[in-house]
$ cat model-v1.tsv   # TSV, C-alpha atoms
chain	number	residue	atom	x	y	z
A	1	MET	CA	55.07	35.28	95.16
A	2	ILE	CA	55.69	38.97	95.85
A	3	VAL	CA	54.36	40.48	99.06
A	4	VAL	CA	53.84	44.23	99.27
A	5	SER	CA	53.11	45.67	102.71
A	6	HIS	CA	52.91	49.05	104.38
A	7	LEU	CA	53.11	48.34	108.07
A	8	GLN	CA	55.10	51.49	109.01
A	9	ASN	CA	57.84	49.51	110.74
A	10	VAL	CA	60.40	47.03	109.41
A	11	ALA	CA	60.00	44.85	112.50
A	12	ASN	CA	56.30	44.41	111.72
A	13	ASP	CA	57.09	43.49	108.12
A	14	ARG	CA	59.65	40.90	109.21
A	15	SER	CA	57.12	39.38	111.60
A	16	LEU	CA	54.60	39.16	108.77
A	17	VAL	CA	57.00	37.50	106.34
A	18	ALA	CA	57.92	34.90	108.96
A	19	LEU	CA	54.29	33.77	108.99
A	20	LEU	CA	54.09	33.27	105.23
A	21	GLU	CA	55.23	30.52	102.87
A	22	GLY	CA	56.30	30.67	99.23
A	23	VAL	CA	57.40	34.32	99.36
A	24	ASP	CA	60.06	35.16	96.78
A	25	VAL	CA	60.24	38.92	97.30
A	26	ALA	CA	58.91	41.15	100.09
A	27	VAL	CA	58.56	44.89	99.54
A	28	ALA	CA	57.85	46.91	102.68
A	29	GLY	CA	57.14	50.60	103.06
A	30	GLY	CA	56.25	53.26	105.56
A	31	GLY	CA	59.14	52.89	107.98
A	32	ASP	CA	62.04	55.29	108.42
A	33	GLU	CA	64.71	52.83	109.58
A	34	LEU	CA	68.15	53.02	107.99
A	35	LEU	CA	69.18	49.55	106.81
A	36	ALA	CA	72.94	49.74	107.02
A	37	ASN	CA	75.13	48.37	104.27
A	38	ALA	CA	78.58	47.41	105.49
A	39	ALA	CA	80.26	48.24	102.18
A	40	ILE	CA	78.66	51.68	102.01
A	41	GLN	CA	79.46	52.27	105.67
A	42	THR	CA	83.14	51.55	105.04
A	43	SER	CA	83.51	53.29	101.69
A	44	ALA	CA	81.33	56.36	102.20
A	45	VAL	CA	79.81	56.94	105.62
A	46	ASP	CA	82.94	56.47	107.72
A	47	PRO	CA	85.22	58.60	105.49
A	48	VAL	CA	82.65	61.41	105.38
A	49	ALA	CA	82.33	61.31	109.16
A	50	ALA	CA	86.11	61.44	109.53
A	51	CYS	CA	86.33	64.35	107.10
A	52	THR	CA	83.59	66.25	108.94
A	53	ALA	CA	85.32	65.67	112.25
A	54	ALA	CA	88.60	66.96	110.81
A	55	PHE	CA	86.90	70.11	109.51
A	56	ASN	CA	85.79	70.87	113.07
A	57	GLN	CA	89.35	70.75	114.43
A	58	PRO	CA	91.07	74.12	115.03
A	59	ILE	CA	93.73	75.02	112.46
A	60	VAL	CA	94.79	78.45	113.76
A	61	ASN	CA	94.44	80.61	116.83
A	62	THR	CA	93.44	84.24	116.73
A	63	GLU	CA	93.97	86.81	119.44
A	64	VAL	CA	91.72	89.28	117.62
A	65	VAL	CA	88.12	89.06	116.41
A	66	LEU	CA	87.97	88.77	112.61
A	67	ASN	CA	85.21	90.76	110.94
A	68	THR	CA	83.27	88.50	108.57
A	69	ALA	CA	80.12	90.67	108.50
A	70	ARG	CA	78.54	91.89	105.28
A	71	GLY	CA	78.25	95.45	106.57
A	72	SER	CA	75.69	98.17	105.96
A	73	ASN	CA	75.67	101.92	105.46
A	74	THR	CA	75.62	102.60	109.19
A	75	THR	CA	78.83	103.61	110.92
A	76	THR	CA	78.25	100.96	113.61
A	77	SER	CA	78.00	98.08	111.14
A	78	LYS	CA	81.08	98.11	108.96
A	79	GLY	CA	81.77	94.95	107.06
A	80	ASN	CA	83.41	93.45	104.02
A	81	ARG	CA	81.06	95.16	101.57
A	82	THR	CA	81.53	98.67	102.96
A	83	ALA	CA	84.95	99.11	104.55
A	84	GLU	CA	88.38	97.68	105.18
A	85	THR	CA	88.25	94.64	107.47
A	86	ASN	CA	90.96	92.59	109.10
A	87	THR	CA	89.48	89.48	107.47
A	88	GLY	CA	89.85	91.12	104.06
A	89	ASN	CA	93.42	92.04	104.93
A	90	THR	CA	94.32	88.44	105.79
A	91	VAL	CA	92.80	87.25	102.51
A	92	THR	CA	94.61	89.76	100.29
A	93	ASP	CA	97.87	89.15	102.14
A	94	ALA	CA	97.33	85.46	101.43
A	95	TYR	CA	96.97	86.27	97.74
A	96	LEU	CA	100.26	88.15	97.69
A	97	ALA	CA	102.00	85.31	99.52
A	98	ALA	CA	100.56	82.84	97.01
A	99	TYR	CA	101.87	84.97	94.15
A	100	ASP	CA	105.33	84.72	95.72
A	101	ASN	CA	104.98	80.96	96.22
A	102	TYR	CA	103.38	79.93	92.93
A	103	GLY	CA	104.04	82.77	90.53
A	104	PRO	CA	107.49	81.59	89.39
A	105	ALA	CA	106.12	78.19	88.33
A	106	ALA	CA	103.51	80.04	86.25
A	107	GLY	CA	106.20	82.12	84.56
A	108	LEU	CA	105.46	85.29	86.54
A	109	PRO	CA	108.27	87.62	87.67
A	110	ALA	CA	109.00	88.29	91.32
A	111	ARG	CA	107.25	91.15	93.05
A	112	GLY	CA	109.30	94.32	93.31
A	113	PRO	CA	109.61	97.94	92.17
A	114	ALA	CA	109.86	96.81	88.55
A	115	ASN	CA	106.84	94.52	88.95
A	116	PRO	CA	104.25	95.96	91.34
A	117	VAL	CA	101.63	93.43	92.37
A	118	VAL	CA	98.41	94.28	94.22
A	119	ALA	CA	95.66	92.04	95.55
A	120	VAL	CA	91.90	92.52	95.70
A	121	GLN	CA	89.04	90.42	97.10
A	122	ASN	CA	85.41	91.29	96.46
A	123	GLY	CA	83.40	91.69	99.64
A	124	GLY	CA	80.65	89.47	98.24
A	125	GLY	CA	83.08	86.56	98.19
A	126	ILE	CA	83.61	86.83	101.96
A	127	ARG	CA	80.56	85.16	103.47
A	128	ASP	CA	79.04	85.32	106.93
A	129	ASN	CA	77.85	81.69	106.91
A	130	ALA	CA	79.67	81.12	110.20
A	131	GLY	CA	78.31	84.39	111.60
A	132	PRO	CA	79.50	88.00	111.53
A	133	ALA	CA	82.79	87.24	113.27
A	134	LEU	CA	85.44	84.62	113.86
A	135	PRO	CA	85.93	82.92	116.25
A	136	VAL	CA	82.26	81.94	116.10
A	137	GLY	CA	80.53	83.97	118.78
A	138	GLY	CA	82.88	86.91	118.36
A	139	VAL	CA	85.05	86.36	121.44
A	140	ALA	CA	88.85	86.36	121.22
A	141	PRO	CA	91.30	84.87	121.82
A	142	GLY	CA	89.86	81.80	120.20
A	143	GLU	CA	90.21	79.15	117.55
A	144	VAL	CA	89.34	78.99	113.86
A	145	THR	CA	88.50	75.66	112.22
A	146	ARG	CA	88.66	74.55	108.59
A	147	LYS	CA	84.87	74.54	108.59
A	148	ASN	CA	85.01	78.23	109.54
A	149	THR	CA	87.32	79.06	106.63
A	150	LEU	CA	85.15	77.07	104.22
A	151	ASP	CA	82.08	78.91	105.50
A	152	THR	CA	83.84	82.25	105.01
A	153	LEU	CA	85.39	81.75	101.56
A	154	ALA	CA	82.62	79.46	100.43
A	155	PHE	CA	82.84	79.33	96.64
A	156	PHE	CA	84.80	76.18	95.83
A	157	THR	CA	85.16	77.03	92.13
A	158	ASN	CA	86.84	80.37	92.90
A	159	LEU	CA	90.49	79.97	91.84
A	160	LEU	CA	93.37	82.29	92.58
A	161	THR	CA	94.04	84.27	89.41
A	162	VAL	CA	96.63	86.85	88.33
A	163	VAL	CA	95.58	89.55	85.88
A	164	ASN	CA	98.62	90.86	84.00
A	165	ASP	CA	99.38	94.31	82.62
A	166	VAL	CA	96.67	96.37	84.31
A	167	THR	CA	97.31	99.99	83.37
A	168	PRO	CA	96.93	102.85	85.88
A	169	THR	CA	93.76	103.99	84.12
A	170	GLU	CA	92.33	100.46	84.25
A	171	LEU	CA	93.18	100.14	87.94
A	172	GLU	CA	91.40	103.43	88.62
A	173	GLU	CA	88.33	102.18	86.71
A	174	ILE	CA	88.32	98.95	88.72
A	175	LEU	CA	88.48	100.85	92.00
A	176	GLU	CA	85.70	103.19	90.87
A	177	ARG	CA	83.53	100.12	90.44
A	178	SER	CA	84.55	99.02	93.94
A	179	ALA	CA	83.36	102.33	95.44
A	180	ALA	CA	80.16	102.64	93.41
A	181	SER	CA	77.76	101.58	96.19
A	182	LEU	CA	79.25	103.64	99.00
A	183	PRO	CA	78.11	104.50	101.61
A	184	GLY	CA	75.85	101.48	101.08
A	185	ALA	CA	77.01	97.89	100.87
A	186	GLY	CA	77.97	96.29	97.57
A	187	GLY	CA	79.34	92.85	96.80
A	188	GLN	CA	81.81	94.46	94.40
A	189	PHE	CA	83.50	96.46	97.20
A	190	LEU	CA	87.14	95.38	97.15
A	191	GLN	CA	89.34	94.51	100.09
A	192	VAL	CA	92.89	95.36	99.07
A	193	GLY	CA	96.51	94.37	99.64
A	194	GLY	CA	99.74	95.85	98.35
A	195	MET	CA	98.26	99.34	98.03
A	196	LYS	CA	96.44	102.06	99.93
A	197	VAL	CA	93.25	103.51	98.45
A	198	THR	CA	91.32	106.64	99.43
A	199	TYR	CA	87.73	107.23	98.31
A	200	LYS	CA	85.44	110.24	98.64
A	201	ALA	CA	81.94	108.78	98.97
A	202	SER	CA	80.11	112.03	98.16
A	203	ASN	CA	81.74	112.32	94.73
A	204	THR	CA	79.99	110.99	91.63
A	205	ALA	CA	79.66	107.21	91.60
A	206	GLN	CA	80.41	105.01	88.64
A	207	VAL	CA	77.14	103.95	87.00
A	208	PHE	CA	76.71	100.63	85.23
A	209	THR	CA	73.72	100.32	82.88
A	210	SER	CA	72.78	97.56	80.44
A	211	GLY	CA	76.20	95.96	80.43
A	212	ALA	CA	78.27	99.12	80.15
A	213	VAL	CA	79.70	101.91	82.29
A	214	THR	CA	77.59	104.98	81.50
A	215	THR	CA	79.10	107.28	84.15
A	216	PRO	CA	82.82	106.79	84.93
A	217	GLY	CA	82.68	108.16	88.48
A	218	ASN	CA	85.33	110.12	90.37
A	219	ARG	CA	85.35	108.68	93.87
A	220	VAL	CA	88.94	107.40	93.75
A	221	VAL	CA	91.05	110.14	95.33
A	222	SER	CA	94.38	108.35	95.64
A	223	VAL	CA	96.07	105.01	95.09
A	224	GLU	CA	99.54	104.48	96.54
A	225	LEU	CA	101.88	101.48	96.52
A	226	PRO	CA	103.87	100.48	99.64
A	227	ASP	CA	107.06	102.11	98.32
A	228	GLY	CA	105.27	105.46	97.99
A	229	THR	CA	104.66	105.25	94.24
A	230	LYS	CA	101.39	107.00	93.44
A	231	ILE	CA	99.08	105.58	90.79
A	232	VAL	CA	96.30	108.10	91.39
A	233	ASP	CA	96.77	111.44	93.16
A	234	ALA	CA	94.19	114.15	93.83
A	235	GLY	CA	91.66	112.20	91.79
A	236	ALA	CA	93.78	111.92	88.64
A	237	VAL	CA	95.94	109.15	87.22
A	238	VAL	CA	99.59	110.10	87.68
A	239	PRO	CA	101.48	110.46	84.37
A	240	GLY	CA	104.13	107.77	84.05
A	241	ALA	CA	102.66	105.63	86.85
A	242	PRO	CA	103.44	101.92	86.41
A	243	SER	CA	101.08	99.18	85.33
A	244	VAL	CA	100.42	96.49	87.92
A	245	ARG	CA	99.48	92.86	88.22
A	246	ILE	CA	96.34	92.10	90.20
A	247	VAL	CA	95.98	88.91	92.24
A	248	THR	CA	92.35	88.07	92.90
A	249	ASN	CA	89.81	85.28	92.64
A	250	SER	CA	88.64	83.96	89.29
A	251	PHE	CA	85.12	85.37	89.70
A	252	THR	CA	86.42	88.92	89.96
A	253	ALA	CA	89.21	88.39	87.42
A	254	GLU	CA	86.64	87.38	84.82
A	255	GLY	CA	84.48	90.46	85.43
A	256	GLY	CA	81.97	89.29	88.03
A	257	ASN	CA	80.04	92.02	89.88
A	258	ASN	CA	80.09	94.04	86.64
A	259	PHE	CA	83.83	94.76	86.62
A	260	THR	CA	83.75	95.51	82.90
A	261	THR	CA	87.42	96.47	82.79
A	262	LEU	CA	88.36	92.99	84.00
A	263	ALA	CA	85.75	91.32	81.80
A	264	ASN	CA	87.38	92.95	78.78
A	265	THR	CA	90.86	91.73	79.73
A	266	PRO	CA	92.21	89.24	77.15
A	267	ALA	CA	92.04	85.68	78.44
A	268	ALA	CA	95.79	85.35	77.82
A	269	ASP	CA	96.37	88.01	80.51
A	270	ARG	CA	94.62	85.92	83.17
A	271	VAL	CA	96.77	83.24	84.80
A	272	ASN	CA	95.46	80.74	87.37
A	273	VAL	CA	97.97	80.09	90.14
A	274	GLY	CA	97.81	78.14	93.36
A	275	SER	CA	94.45	76.62	94.20
A	276	THR	CA	91.04	77.79	95.40
A	277	TYR	CA	90.88	81.12	97.17
A	278	GLU	CA	89.97	79.36	100.42
A	279	ALA	CA	92.87	76.91	100.21
A	280	VAL	CA	95.30	79.76	99.59
A	281	TRP	CA	93.92	81.59	102.63
A	282	VAL	CA	94.34	78.53	104.84
A	283	GLU	CA	97.88	78.02	103.59
A	284	TYR	CA	98.75	81.59	104.54
A	285	LEU	CA	97.10	81.45	107.96
A	286	GLN	CA	98.98	78.25	108.76
A	287	SER	CA	102.26	79.93	107.81
A	288	LEU	CA	101.90	82.51	110.59
A	289	ALA	CA	104.10	82.31	113.67
A	290	ALA	CA	102.87	80.04	116.45
A	291	GLY	CA	101.30	81.49	119.56
A	292	THR	CA	99.33	80.50	122.66
A	293	PRO	CA	96.91	83.40	123.23
A	294	GLY	CA	94.73	82.93	126.29
A	295	GLY	CA	96.47	79.65	127.06
A	296	LEU	CA	95.31	77.97	123.86
A	297	PRO	CA	97.44	75.15	122.41
A	298	SER	CA	100.36	76.34	120.32
A	299	ARG	CA	99.24	76.93	116.74
A	300	PRO	CA	99.80	79.47	113.98
A	301	THR	CA	98.25	82.65	115.38
A	302	ILE	CA	96.61	85.75	113.91
A	303	THR	CA	97.80	88.63	116.08
A	304	ALA	CA	96.11	91.91	116.93
A	305	ALA	CA	99.32	93.75	116.08
A	306	GLN	CA	99.31	92.44	112.54
A	307	TYR	CA	95.55	92.46	111.92
A	308	PRO	CA	93.83	94.98	114.24
A	309	VAL	CA	90.04	95.04	114.31
A	310	ALA	CA	89.92	98.57	112.89
A	311	GLY	CA	92.22	97.69	110.00
A	312	GLU	CA	95.51	99.26	108.98
A	313	GLY	CA	94.34	102.17	106.87
A	314	ARG	CA	94.59	100.32	103.57
A	315	ILE	CA	91.18	101.73	102.62
A	316	VAL	CA	90.14	105.21	103.67
A	317	VAL	CA	86.60	106.38	102.92
A	318	THR	CA	85.86	110.06	103.47
A	319	PRO	CA	82.36	111.59	103.36

$ encode --input "model-v1.tsv" --output "structure tokens"
Amino acid sequence: MIVVSHLQNVANDRSLVALLEGVDVAVAGGGDELLANAAIQTSAVDPVAACTAAFNQPIVNTEVVLNTARGSNTTTSKGNRTAETNTGNTVTDAYLAAYDNYGPAAGLPARGPANPVVAVQNGGGIRDNAGPALPVGGVAPGEVTRKNTLDTLAFFTNLLTVVNDVTPTELEEILERSAASLPGAGGQFLQVGGMKVTYKASNTAQVFTSGAVTTPGNRVVSVELPDGTKIVDAGAVVPGAPSVRIVTNSFTAEGGNNFTTLANTPAADRVNVGSTYEAVWVEYLQSLAAGTPGGLPSRPTITAAQYPVAGEGRIVVTP
């Protein structure tokens, strides 16, 4: 005999079954009790709980507030889609460090004057899931957890990628796309490392229509490498300027956000190195020198001297 009941509570169903005889199967419904399974508890529930607990443990200290905001076109609300941020600077520095660490195994030459390497991170890939600032709540000194980094660089399929042989003209085109939404916010706005970029927001913006660039734009005023080498000067590509390698995430490297120049790059010129963009960021943050800001436990520490709130002048936007 099969008994089907709907008594809203497993205790009621058990009481009913105890009063019956000849029952082979009892099917009860309506309750919301969780009937624990020891095997599932051991193999799934406990490990997930342990993993979640670990994600909530601090992995680095920071003595400065990190800007994780999206940003808008108001001067009081700068964020990763409108302006240089110290969060963007930590991410692009992490990319350059990862190139140094993993590039040789991928057959890539060392960074140097003969092999300039720059890094870019699209503002849309820096999320504010944890809020507009880290530490959560926007008060420093404070702690950053692995959950915070996963909330910030949240796309788990985004792999660190090197784009080879980017010509000066192509780099200028890529940066024009970056500046196209200024002074408004755009997910394609690039945080940068290994170069300094100046834009003039009132100049003509690059226009993208129906899958193609229909207006090239002329907002890129200058692009300069750390050794003083100029790629773009006074709005024009410098004759004889070197090609560069770009370290970025796979979404941008493959042309996401309508970066047509990158989309048209031959697949052979894109090399995946390291791991996900978030894992590379964590690896870099944990390589920083230890500190105890505000009496926090000694951990790798993001300092205000290295990553000031206002940025370092890597990106300059003029009206």

$ residues_around --input "model-v1.tsv" --residues "segment 202-218 of chain A" --least-positions-apart "5" --cutoff "12 Å" --atoms "only C-alpha atoms" --output "count of residues only"
33

$ residues_around --input "model-v1.tsv" --residues "Thr276 of chain A" --least-positions-apart "2" --cutoff "12 Å" --atoms "only C-alpha atoms" --output "list of chain:residue names"
A:Val91, A:Ala94, A:Tyr95, A:Ala98, A:Thr149, A:Leu150, A:Leu153, A:Ala154, A:Phe155, A:Phe156, A:Thr157, A:Asn158, A:Leu159, A:Leu160, A:Thr161, A:Thr248, A:Asn249, A:Ser250, A:Phe251, A:Asn272, A:Val273, A:Gly274, A:Glu278, A:Ala279, A:Val280, A:Trp281, A:Val282, A:Glu283

$ closest_residue --input "model-v1.tsv" --among "A:Asp93, A:Asp227, A:Glu33, A:Glu63" --to "Val139 of chain A" --atoms "all atoms listed in the file"
A:Glu63

$ residues_around --input "model-v1.tsv" --residues "Gly291 of chain A" --least-positions-apart "3" --cutoff "6 Å" --atoms "all atoms listed in the file" --output "ChimeraX atom specification"
/A:298-299,301

$ residues_near_point --input "model-v1.tsv" --point "(100.1, 93.9, 87.8)" --cutoff "9 Å" --atoms "all atoms listed in the file" --output "PyMOL selection string"
chain A and resi 115-118+162-167+242-247

$ atom_distance --input "model-v1.tsv" --atom1 "atom CA of Asn12 of chain A" --atom2 "atom CA of Asp32 of chain A"
12.7 Å

$ closest_residue --input "model-v1.tsv" --among "A:Asn56, A:Ala140, A:His6, A:Glu84" --to "Gly294 of chain A" --atoms "only C-alpha atoms"
A:Ala140

$ residues_around --input "model-v1.tsv" --residues "segment 120-124 of chain A" --least-positions-apart "2" --cutoff "8 Å" --atoms "only C-alpha atoms" --output "list in words"
Arg70, Asn80, Arg81, Thr82, Gly88, Val91, Thr92, Val118, Ile126, Arg127, Gly186, Gly187, Gln188, Phe189, Leu190, Gln191, Val192, Gly193, Ile246, Val247, Thr248, Asn249 and Thr252 of chain A

$ atom_distance --input "model-v1.tsv" --atom1 "atom CA of Val223 of chain A" --atom2 "atom CA of Gly103 of chain A"
24.1 Å

$ atom_distance --input "model-v1.tsv" --atom1 "atom CA of Ala201 of chain A" --atom2 "atom CA of Ala253 of chain A"
24.5 Å

$ closest_residue --input "model-v1.tsv" --among "A:Thr292, A:Asn86, A:Thr68, A:Asn37" --to "Glu143 of chain A" --atoms "all atoms listed in the file"
A:Thr292

$ closest_residue --input "model-v1.tsv" --among "A:Ala49, A:Leu16, A:Ala83, A:Leu7" --to "Asn67 of chain A" --atoms "only C-alpha atoms"
A:Ala83

$ closest_residue --input "model-v1.tsv" --among "A:Val144, A:Ile315, A:Leu262, A:Val136" --to "Lys196 of chain A" --atoms "all atoms listed in the file"
A:Ile315

$ closest_residue --input "model-v1.tsv" --among "A:Ile59, A:Ala106, A:Val221, A:Ala18" --to "Gly142 of chain A" --atoms "all atoms listed in the file"
A:Ile59

$ decode --input "model-v1.tsv" --residues "segment 297-313 of chain A" --atoms "N, CA and C atoms" --output "PDB file, in the first residue's frame"
ATOM      1  N   PRO A 297      46.370  42.750  12.082  1.00  0.00           N
ATOM      2  CA  PRO A 297      47.383  41.692  12.013  1.00  0.00           C
ATOM      3  C   PRO A 297      48.281  41.873  10.795  1.00  0.00           C
ATOM      4  N   SER A 298      49.507  41.418  10.914  1.00  0.00           N
ATOM      5  CA  SER A 298      50.468  41.564   9.819  1.00  0.00           C
ATOM      6  C   SER A 298      50.030  40.736   8.616  1.00  0.00           C
ATOM      7  N   ARG A 299      49.847  41.435   7.500  1.00  0.00           N
ATOM      8  CA  ARG A 299      49.478  40.805   6.232  1.00  0.00           C
ATOM      9  C   ARG A 299      50.066  41.643   5.106  1.00  0.00           C
ATOM     10  N   PRO A 300      50.104  41.087   3.881  1.00  0.00           N
ATOM     11  CA  PRO A 300      50.427  41.933   2.736  1.00  0.00           C
ATOM     12  C   PRO A 300      49.509  43.153   2.747  1.00  0.00           C
ATOM     13  N   THR A 301      50.079  44.328   2.452  1.00  0.00           N
ATOM     14  CA  THR A 301      49.329  45.572   2.651  1.00  0.00           C
ATOM     15  C   THR A 301      49.412  46.487   1.439  1.00  0.00           C
ATOM     16  N   ILE A 302      48.252  46.983   1.020  1.00  0.00           N
ATOM     17  CA  ILE A 302      48.165  48.006  -0.022  1.00  0.00           C
ATOM     18  C   ILE A 302      48.384  49.349   0.659  1.00  0.00           C
ATOM     19  N   THR A 303      49.402  50.082   0.231  1.00  0.00           N
ATOM     20  CA  THR A 303      49.739  51.331   0.899  1.00  0.00           C
ATOM     21  C   THR A 303      49.208  52.538   0.131  1.00  0.00           C
ATOM     22  N   ALA A 304      48.983  53.617   0.880  1.00  0.00           N
ATOM     23  CA  ALA A 304      48.531  54.867   0.270  1.00  0.00           C
ATOM     24  C   ALA A 304      49.623  55.483  -0.583  1.00  0.00           C
ATOM     25  N   ALA A 305      50.875  55.233  -0.229  1.00  0.00           N
ATOM     26  CA  ALA A 305      51.974  55.787  -1.018  1.00  0.00           C
ATOM     27  C   ALA A 305      52.021  55.160  -2.401  1.00  0.00           C
ATOM     28  N   GLN A 306      51.751  53.876  -2.475  1.00  0.00           N
ATOM     29  CA  GLN A 306      51.814  53.180  -3.753  1.00  0.00           C
ATOM     30  C   GLN A 306      50.533  53.346  -4.563  1.00  0.00           C
ATOM     31  N   TYR A 307      49.394  53.372  -3.873  1.00  0.00           N
ATOM     32  CA  TYR A 307      48.106  53.434  -4.571  1.00  0.00           C
ATOM     33  C   TYR A 307      47.200  54.503  -3.957  1.00  0.00           C
ATOM     34  N   PRO A 308      47.554  55.781  -4.136  1.00  0.00           N
ATOM     35  CA  PRO A 308      46.742  56.859  -3.562  1.00  0.00           C
ATOM     36  C   PRO A 308      45.334  56.880  -4.145  1.00  0.00           C
ATOM     37  N   VAL A 309      44.402  57.391  -3.359  1.00  0.00           N
ATOM     38  CA  VAL A 309      42.999  57.431  -3.774  1.00  0.00           C
ATOM     39  C   VAL A 309      42.837  58.166  -5.096  1.00  0.00           C
ATOM     40  N   ALA A 310      43.551  59.254  -5.266  1.00  0.00           N
ATOM     41  CA  ALA A 310      43.400  60.079  -6.473  1.00  0.00           C
ATOM     42  C   ALA A 310      44.127  59.509  -7.680  1.00  0.00           C
ATOM     43  N   GLY A 311      44.818  58.392  -7.510  1.00  0.00           N
ATOM     44  CA  GLY A 311      45.571  57.827  -8.623  1.00  0.00           C
ATOM     45  C   GLY A 311      46.954  58.433  -8.740  1.00  0.00           C
ATOM     46  N   GLU A 312      47.667  58.014  -9.777  1.00  0.00           N
ATOM     47  CA  GLU A 312      49.065  58.421  -9.956  1.00  0.00           C
ATOM     48  C   GLU A 312      49.275  59.268 -11.197  1.00  0.00           C
ATOM     49  N   GLY A 313      48.210  59.627 -11.880  1.00  0.00           N
ATOM     50  CA  GLY A 313      48.350  60.370 -13.125  1.00  0.00           C
ATOM     51  C   GLY A 313      48.589  59.488 -14.332  1.00  0.00           C
TER      52      GLY A 313
END
